[in-house]
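Q: Structure in structure tokens, see below.
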Amino acid sequence: KIEAKHCTPALGSQGGGPQLGTRSAQVVALGFVDYMHELMDATDCLLTKAGPGTIAEAAIKALPVVVTSYLPGQEAGNVRFVTENGFGVFEPRPREAAQTVSIWLRNPDLMALMARQASKAGRPSASKEIARDLAAALKQHLEIA
């Protein structure tokens, strides 16, 4: 189980930085993991590229998001999804992304607002809805054929 706060899926950290008071940061690069849901449960916010699965899960988990990069074309809409729904920002510059997170972590009201916005944007039942719609379409197709 992951118990620490202030973790991110790609980089896990505990505590804060010099701007967060006396706590220090410990950052660990993780690479691919099969317990992403546990990492997201243990984090306050997420720094990520705009992958659709990651953005969707972050919204379902009510996580504020800093999008640091995206694949032109296929992921550009995911950046807009995050920013237009008010649960994150696009910041490709590492220093500025870190400053954004630092500001967020010092502002619990802002974090709570973005978490609410993420939760509103999340669709935890989307996979079931898609499966149900596909099954209905297949049934209709078989009845016609």
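Each chain in the structure tokens gets a letter, A, B, ..., in the order shown, and its residues are numbered from 1; ligands are numbered from 1 in order too.
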Do you know which residues are at most 7 Å from stretch 51-66 of chain A counting only C-alpha atoms, after dropping those on the same chain fewer than 6 positions away, and could you put them as a list in words?
A: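 Residues near the query, excluding close chain neighbours: Asp44, Cys45, Glu75, Asn78, Phe87, Gly88, Val89, Phe90, Glu91, Ala97, Met111, Met114, Ala115, Arg116, Ala118, Ser119, Ala121, Gly122, Arg123 and Pro124 of chain A.
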Q: Expressed in Å to a single decimal, how great is the separation between atom CA of A:Ile103 and atom CA of A:Pro72?
A: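 According to the coordinates, atom CA of A:Ile103 and atom CA of A:Pro72 are separated by 28.1 Å.
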Q: With only C-alpha atoms as the basis for distance, which of A:Leu47, A:Val82, A:Asp109, A:Arg132 is at the shortest distance from A:Glu96?
A: A:Leu47
Q: Check chain A with DSSP on the backbone and list each residue it calls helix (DSSP H, G or I), as a ChimeraX atom specification.
A: /A:18-20,36-41,52-60,76-84,94-105,108-121,126-144
Q: Save the residues we just selected, C-alpha atoms, as a compact mmCIF listing (two decimals), in the first residue's frame?
A:
```txt
# COMPACT_ATOMS: atom_id res chain seq x y z
CA PRO A 18 11.82 24.92 0.67
CA GLN A 19 8.81 27.01 -0.32
CA LEU A 20 6.53 24.71 1.70
CA MET A 36 -1.11 3.46 -10.56
CA HIS A 37 -4.48 3.59 -8.80
CA GLU A 38 -2.71 3.34 -5.43
CA LEU A 39 -0.28 6.11 -6.37
CA MET A 40 -3.16 8.33 -7.45
CA ASP A 41 -4.97 7.60 -4.20
CA PRO A 52 -6.10 9.95 -22.28
CA GLY A 53 -6.15 7.14 -19.72
CA THR A 54 -4.11 9.10 -17.20
CA ILE A 55 -6.23 12.24 -17.60
CA ALA A 56 -9.46 10.24 -17.31
CA GLU A 57 -8.25 8.45 -14.17
CA ALA A 58 -7.02 11.72 -12.64
CA ALA A 59 -10.48 13.23 -13.17
CA ILE A 60 -12.17 10.18 -11.63
CA ALA A 76 -4.10 18.16 -27.72
CA GLY A 77 -7.78 17.80 -26.84
CA ASN A 78 -6.83 16.28 -23.50
CA VAL A 79 -4.96 19.47 -22.58
CA ARG A 80 -8.08 21.50 -23.40
CA PHE A 81 -10.19 19.02 -21.39
CA VAL A 82 -8.07 19.62 -18.28
CA THR A 83 -7.80 23.39 -18.63
CA GLU A 84 -11.37 24.10 -19.79
CA PRO A 94 9.86 22.08 -15.55
CA ARG A 95 10.72 24.97 -13.22
CA GLU A 96 7.36 26.65 -13.79
CA ALA A 97 5.52 23.32 -13.37
CA ALA A 98 7.27 22.84 -10.02
CA GLN A 99 6.34 26.39 -8.98
CA THR A 100 2.72 25.71 -9.92
CA VAL A 101 2.63 22.61 -7.73
CA SER A 102 4.28 24.51 -4.89
CA ILE A 103 1.63 27.24 -5.09
CA TRP A 104 -1.17 24.67 -5.24
CA LEU A 105 0.11 22.73 -2.22
CA PRO A 108 -5.82 24.13 0.13
CA ASP A 109 -8.88 26.10 -1.05
CA LEU A 110 -7.57 26.14 -4.62
CA MET A 111 -6.70 22.43 -4.42
CA ALA A 112 -10.21 21.66 -3.15
CA LEU A 113 -11.79 23.71 -5.95
CA MET A 114 -9.73 21.95 -8.62
CA ALA A 115 -10.50 18.56 -7.05
CA ARG A 116 -14.22 19.35 -7.27
CA GLN A 117 -13.81 20.43 -10.89
CA ALA A 118 -11.90 17.22 -11.69
CA SER A 119 -14.60 15.15 -10.03
CA LYS A 120 -17.28 16.90 -12.10
CA ALA A 121 -15.33 16.17 -15.30
CA ALA A 126 -17.76 5.57 -18.98
CA SER A 127 -16.43 2.06 -19.76
CA LYS A 128 -19.70 0.44 -18.68
CA GLU A 129 -21.68 2.98 -20.71
CA ILE A 130 -19.59 2.26 -23.80
CA ALA A 131 -19.97 -1.50 -23.35
CA ARG A 132 -23.73 -1.13 -22.89
CA ASP A 133 -24.02 1.05 -26.01
CA LEU A 134 -21.92 -1.40 -28.06
CA ALA A 135 -24.03 -4.33 -26.88
CA ALA A 136 -27.23 -2.48 -27.82
CA ALA A 137 -25.84 -1.58 -31.24
CA LEU A 138 -24.73 -5.19 -31.83
CA LYS A 139 -28.13 -6.51 -30.75
CA GLN A 140 -29.87 -4.09 -33.11
CA HIS A 141 -27.52 -5.09 -35.95
CA LEU A 142 -28.18 -8.81 -35.38
CA GLU A 143 -31.95 -8.22 -35.30
CA ILE A 144 -31.78 -6.38 -38.65
```
Q: Which residues, written as a PyMOL selection string, have at least one atom at most 8 Å from A:Lys49, with only C-alpha atoms counted and residues fewer than 3 positions away on the same chain left out?
A: chain A and resi 67-70
Q: May I ask which of the residues A:Thr43, A:Ala50, A:Leu30, A:Arg106 is the closest one to A:Gln74, counting only C-alpha atoms?
A: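 Ranking A:Thr43, A:Ala50, A:Leu30, A:Arg106 by distance to A:Gln74, first place goes to A:Ala50.
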